[in-house]
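coords_20.txt follows; it contains compact mmCIF, C-alpha atoms.
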```txt
# COMPACT_ATOMS: atom_id res chain seq x y z
CA MET A 289 65.22 13.81 4.89
CA LYS A 290 63.96 10.41 3.80
CA ALA A 291 61.23 10.47 6.48
CA ARG A 292 60.10 13.92 5.36
CA ARG A 293 59.71 12.71 1.74
CA LEU A 294 57.72 9.68 2.90
CA LEU A 295 55.41 11.91 4.96
CA ALA A 296 54.96 14.28 2.02
CA ALA A 297 54.13 11.37 -0.30
CA ALA A 298 51.66 9.94 2.21
CA ALA A 299 50.02 13.34 2.61
CA ALA A 300 49.79 13.73 -1.17
CA LEU A 301 47.98 10.38 -1.38
CA ALA A 302 45.75 11.02 1.64
CA LEU A 303 44.58 14.48 0.57
CA PRO A 304 42.66 13.34 -2.56
CA LEU A 305 41.13 10.50 -0.60
CA ALA A 306 40.03 12.79 2.21
CA THR A 307 38.61 15.40 -0.14
CA GLY A 308 36.86 12.67 -2.12
CA PHE A 309 35.01 11.61 0.99
CA ALA A 310 34.21 15.20 1.87
CA THR A 311 32.55 15.82 -1.49
CA VAL A 312 29.79 13.23 -0.91
CA PRO A 313 26.68 15.29 -0.24
CA ALA A 314 24.95 14.81 3.11
CA SER A 315 21.67 14.24 1.25
CA ALA A 316 22.98 11.06 -0.39
CA THR A 317 21.01 8.73 1.87
CA VAL A 318 19.61 5.34 1.06
CA ARG A 319 16.00 5.50 -0.15
CA THR A 320 13.56 3.20 1.60
CA PRO A 321 10.80 1.20 -0.12
CA PHE A 322 8.35 3.82 1.22
CA ASP A 323 10.39 6.57 -0.50
CA HIS A 324 10.29 4.60 -3.78
CA CYS A 325 6.53 4.10 -3.49
CA ASP A 326 5.85 7.70 -2.49
CA GLY A 327 8.13 8.95 -5.27
CA GLY A 328 6.28 7.03 -7.99
CA ASP A 329 9.27 4.82 -8.84
CA SER A 330 8.89 1.50 -10.66
CA PRO A 331 7.67 -1.25 -8.31
CA ASP A 332 9.50 -4.49 -7.62
CA ARG A 333 6.32 -6.48 -8.24
CA VAL A 334 2.84 -5.83 -9.64
CA LEU A 335 -0.22 -7.79 -8.49
CA HIS A 336 -3.70 -7.79 -9.99
CA ALA A 337 -7.09 -8.59 -8.47
CA THR A 338 -10.71 -8.15 -9.44
CA LEU A 339 -13.26 -7.40 -6.75
CA ASP A 340 -16.51 -8.94 -7.97
CA GLY A 341 -19.40 -6.88 -6.66
CA GLU A 342 -21.48 -10.03 -6.20
CA ASP A 343 -18.91 -11.62 -3.84
CA SER A 344 -19.62 -10.27 -0.38
CA ARG A 345 -16.33 -11.68 1.02
CA GLY A 346 -14.08 -9.32 -0.96
CA VAL A 347 -10.92 -10.46 -2.74
CA SER A 348 -7.49 -11.44 -1.41
CA VAL A 349 -4.27 -10.94 -3.31
CA GLY A 350 -0.52 -11.22 -3.04
CA THR A 351 2.02 -12.27 -0.53
CA LEU A 352 3.80 -9.53 1.38
CA VAL A 353 6.81 -9.95 3.63
CA PRO A 354 7.63 -7.77 6.65
CA GLY A 355 8.69 -4.30 5.53
CA ASP A 356 7.11 -4.43 2.07
CA VAL A 357 5.41 -1.22 0.96
CA PHE A 358 2.49 -1.12 -1.46
CA SER A 359 -0.01 1.20 -3.07
CA ALA A 360 -3.11 0.21 -5.00
CA ARG A 361 -5.13 1.78 -7.78
CA THR A 362 -8.09 0.95 -9.96
CA ASP A 363 -8.77 1.46 -13.64
CA ASP A 364 -11.42 3.64 -15.30
CA PHE A 365 -13.74 0.65 -15.76
CA SER A 366 -14.07 -0.03 -12.01
CA ILE A 367 -17.70 0.57 -11.09
CA LEU A 368 -19.82 -1.19 -8.49
CA ARG A 369 -23.59 -1.41 -8.40
CA ILE A 370 -24.51 -0.97 -4.72
CA ASN A 371 -28.19 -1.96 -4.81
CA TRP A 372 -30.83 -3.74 -6.90
CA TRP A 373 -32.02 -0.41 -8.38
CA GLY A 374 -28.78 0.16 -10.32
CA THR A 375 -27.12 2.87 -8.23
CA THR A 376 -23.39 2.80 -9.04
CA LYS A 377 -20.29 4.07 -7.27
CA ASP A 378 -16.69 4.43 -8.35
CA PRO A 379 -13.88 3.18 -6.05
CA ASP A 380 -13.75 6.53 -4.21
CA GLY A 381 -17.31 6.03 -2.93
CA ASP A 382 -19.03 9.03 -1.38
CA GLU A 383 -15.94 11.20 -0.93
CA GLY A 384 -16.12 13.77 1.85
CA GLN A 385 -18.66 11.77 3.86
CA ILE A 386 -18.17 9.47 6.85
CA ALA A 387 -20.02 6.13 6.87
CA GLY A 388 -20.88 6.00 10.59
CA PRO A 389 -22.07 3.16 12.85
CA GLY A 390 -23.12 -0.13 11.25
CA TRP A 391 -20.67 0.09 8.35
CA PRO A 392 -17.61 -2.21 8.02
CA ALA A 393 -15.34 0.86 8.36
CA PRO A 394 -17.42 3.55 10.11
CA THR A 395 -14.68 6.21 9.85
CA LEU A 396 -14.19 5.86 6.08
CA ALA A 397 -16.35 7.13 3.22
CA PRO A 398 -19.40 5.05 2.31
CA TYR A 399 -18.76 2.68 -0.64
CA VAL A 400 -15.01 3.39 -0.80
CA LEU A 401 -12.68 0.57 -1.86
CA MET A 402 -10.61 -0.39 1.20
CA VAL A 403 -7.84 -2.82 2.17
CA LYS A 404 -6.76 -4.81 5.21
CA ALA A 405 -3.72 -7.09 5.67
CA PHE A 406 -3.88 -10.56 7.24
CA SER A 407 -1.12 -12.89 8.42
CA GLN A 408 -0.85 -16.08 6.38
CA VAL A 409 0.21 -17.92 9.55
CA THR A 410 -2.30 -16.74 12.18
CA LYS A 411 -4.99 -15.28 9.85
CA ARG A 412 -5.10 -12.24 12.18
CA PRO A 413 -5.14 -8.62 10.94
CA ILE A 414 -1.71 -7.02 10.49
CA ARG A 415 -0.87 -3.34 10.90
CA LEU A 416 -0.62 -1.17 7.82
CA ASP A 417 1.34 2.06 8.31
CA ASP A 418 0.91 5.11 6.05
CA GLY A 419 3.67 7.11 7.73
CA GLU A 420 1.25 8.78 10.15
CA ILE A 421 -1.10 6.07 11.41
CA SER A 422 -0.36 2.39 12.01
CA THR A 423 -3.50 0.28 12.47
CA THR A 424 -5.12 -3.08 11.77
CA ALA A 425 -8.38 -1.35 10.74
CA TRP A 426 -9.60 -1.08 7.16
CA ARG A 427 -7.55 1.48 5.20
CA PRO A 428 -8.86 3.54 2.26
CA VAL A 429 -7.75 2.68 -1.26
CA GLY A 430 -10.24 4.42 -3.53
CA SER A 431 -9.02 4.93 -7.08
CA ASN A 432 -5.42 5.62 -5.94
CA SER A 433 -4.24 4.75 -2.44
CA PRO A 434 -1.45 6.23 -0.38
CA CYS A 435 1.59 4.06 0.31
CA TYR A 436 1.25 1.53 3.13
CA THR A 437 3.99 -0.41 4.91
CA TYR A 438 3.18 -4.00 5.87
CA ARG A 439 4.15 -4.35 9.58
CA GLY A 440 3.70 -8.11 10.02
CA SER A 441 6.35 -10.40 11.49
CA SER A 442 5.57 -13.09 8.90
CA SER A 443 4.17 -13.13 5.37
CA GLY A 444 0.65 -11.89 4.75
CA ARG A 445 -2.04 -11.18 2.18
CA LEU A 446 -4.15 -8.16 1.32
CA ARG A 447 -7.95 -8.30 1.31
CA PHE A 448 -9.90 -5.69 -0.64
CA GLN A 449 -13.55 -4.94 0.05
CA VAL A 450 -16.04 -2.13 -0.47
CA ASN A 451 -17.29 -0.21 2.58
CA ASP A 452 -20.93 -1.29 2.29
CA PRO A 453 -22.97 -2.83 5.12
CA LYS A 454 -25.19 -4.72 2.64
CA ARG A 455 -22.99 -6.30 -0.04
CA ASP A 456 -25.35 -9.11 -1.12
CA ASP A 457 -27.17 -6.76 -3.54
CA ASN A 458 -24.00 -5.49 -5.25
CA GLY A 459 -22.82 -6.04 -8.82
CA GLY A 460 -20.15 -4.84 -11.20
CA GLN A 461 -16.44 -5.08 -10.46
CA GLU A 462 -13.36 -3.12 -9.44
CA ASN A 463 -10.07 -3.94 -11.20
CA ILE A 464 -7.22 -3.46 -8.73
CA THR A 465 -3.50 -3.10 -9.44
CA VAL A 466 -1.16 -3.39 -6.45
CA LEU A 467 2.38 -1.98 -6.74
CA VAL A 468 4.78 -3.66 -4.27
CA PHE A 469 8.13 -2.23 -3.18
CA HIS A 470 10.41 -4.64 -1.30
CA ARG A 471 12.45 -3.87 1.74
CA PRO A 472 16.17 -3.45 1.08
```
Mind converting the file's structure to structure tokens?
Amino acid sequence: MKARRLLAAAAALALPLATGFATVPASATVRTPFDHCDGGDSPDRVLHATLDGEDSRGVSVGTLVPGDVFSARTDDFSILRINWWGTTKDPDGDEGQIAGPGWPAPTLAPYVLMVKAFSQVTKRPIRLDDGEISTTAWRPVGSNSPCYTYRGSSSGRLRFQVNDPKRDDNGGQENITVLVFHRP
């Protein structure tokens, strides 16, 4: 009789615990930094850079660690002059067109703002992954980039540049804000 009461008491305690675990929805998964970036959540860190149209080297910004995710955007005052005659382009460049041979990024739009990651240790390009393609090539930013995961094995920096084969006649500036989401 005593053993039966102990078993009943144990079952009474175990049942709420078991049902409590069963009520956790299967969709309650941990969100990754990419999910936070893609969902428009608040970033862990915000970086700022200004790409001076007269500087043909581009601009470097930030320190990323392996697994960090970032997106970049520009403000409404970001306009580059692409030649001596005053032709201007916004950060999206010539949308819908492909630059072609002889351009820094021949598969991207002419005059688009673009980004590449470099290792701070080796100075070599690092892969950026947008969830579909992982490459060390220039990636499009434009006025509002997709989310990119930094795939380096050590810390790195981002370099922004405009897709223009002749940057020594440029002017103006592009104001860049980089939203960084850290790995868990």
From A:Thr320, A:Ser442, A:Gln408, A:Gln461, residue lying nearest Val353 in chain A [all atoms listed in the file]: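 Distance minimum relative to Val353 in chain A lands on A:Ser442.
Using all atoms listed in the file, the smallest distance between any of A:Phe406, A:Tyr399, A:Phe322, A:Trp373 and Arg455 in chain A comes from A:Tyr399.
You will find CA of Gly388 in chain A at 16.9 Å from CA of Gln449 in chain A.
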Quick one: pull the distance between CA of Val334 in chain A and CA of Lys411 in chain A, Å, one decimal. 23.0 Å
All residues 12 Å or closer to Asp457 in chain A, all atoms listed in the file, same chain fewer than 5 positions away omitted, as number ranges by chain: A: 340-344, 368-376, 452
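For the pair CA of Gln385 in chain A and CA of Ile421 in chain A, the separation is 19.9 Å.
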Report as number ranges by chain all protein, DNA and RNA residues lying within 10 Å of Ser359 in chain A, evaluated on all atoms listed in the file, omitting residues in the same chain fewer than 4 positions from it. A: 322, 325-326, 328, 331, 418, 429, 432-437, 465-469
Store the residues picked out above, limited to C-alpha atoms, as a compact mmCIF listing (two decimals), keeping the file's coordinate frame.
```
# COMPACT_ATOMS: atom_id res chain seq x y z
CA PHE A 322 8.35 3.82 1.22
CA CYS A 325 6.53 4.10 -3.49
CA ASP A 326 5.85 7.70 -2.49
CA GLY A 328 6.28 7.03 -7.99
CA PRO A 331 7.67 -1.25 -8.31
CA ASP A 418 0.91 5.11 6.05
CA VAL A 429 -7.75 2.68 -1.26
CA ASN A 432 -5.42 5.62 -5.94
CA SER A 433 -4.24 4.75 -2.44
CA PRO A 434 -1.45 6.23 -0.38
CA CYS A 435 1.59 4.06 0.31
CA TYR A 436 1.25 1.53 3.13
CA THR A 437 3.99 -0.41 4.91
CA THR A 465 -3.50 -3.10 -9.44
CA VAL A 466 -1.16 -3.39 -6.45
CA LEU A 467 2.38 -1.98 -6.74
CA VAL A 468 4.78 -3.66 -4.27
CA PHE A 469 8.13 -2.23 -3.18
```
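You can rank A:Ile464, A:Leu396, A:Leu416, A:Val409 by their closest distance to Phe365 in chain A using only C-alpha atoms, and at the top of that list sits A:Ile464.
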Extract, using only C-alpha atoms, all DNA, RNA and protein residues at most 10 Å from range 400-405 of chain A, discarding same-chain residues fewer than 4 positions from it, and format them as number ranges by chain. A: 339, 346-349, 351-352, 360-362, 368, 377-383, 387, 392-393, 396, 411-416, 423-433, 438-440, 443-452, 462, 464
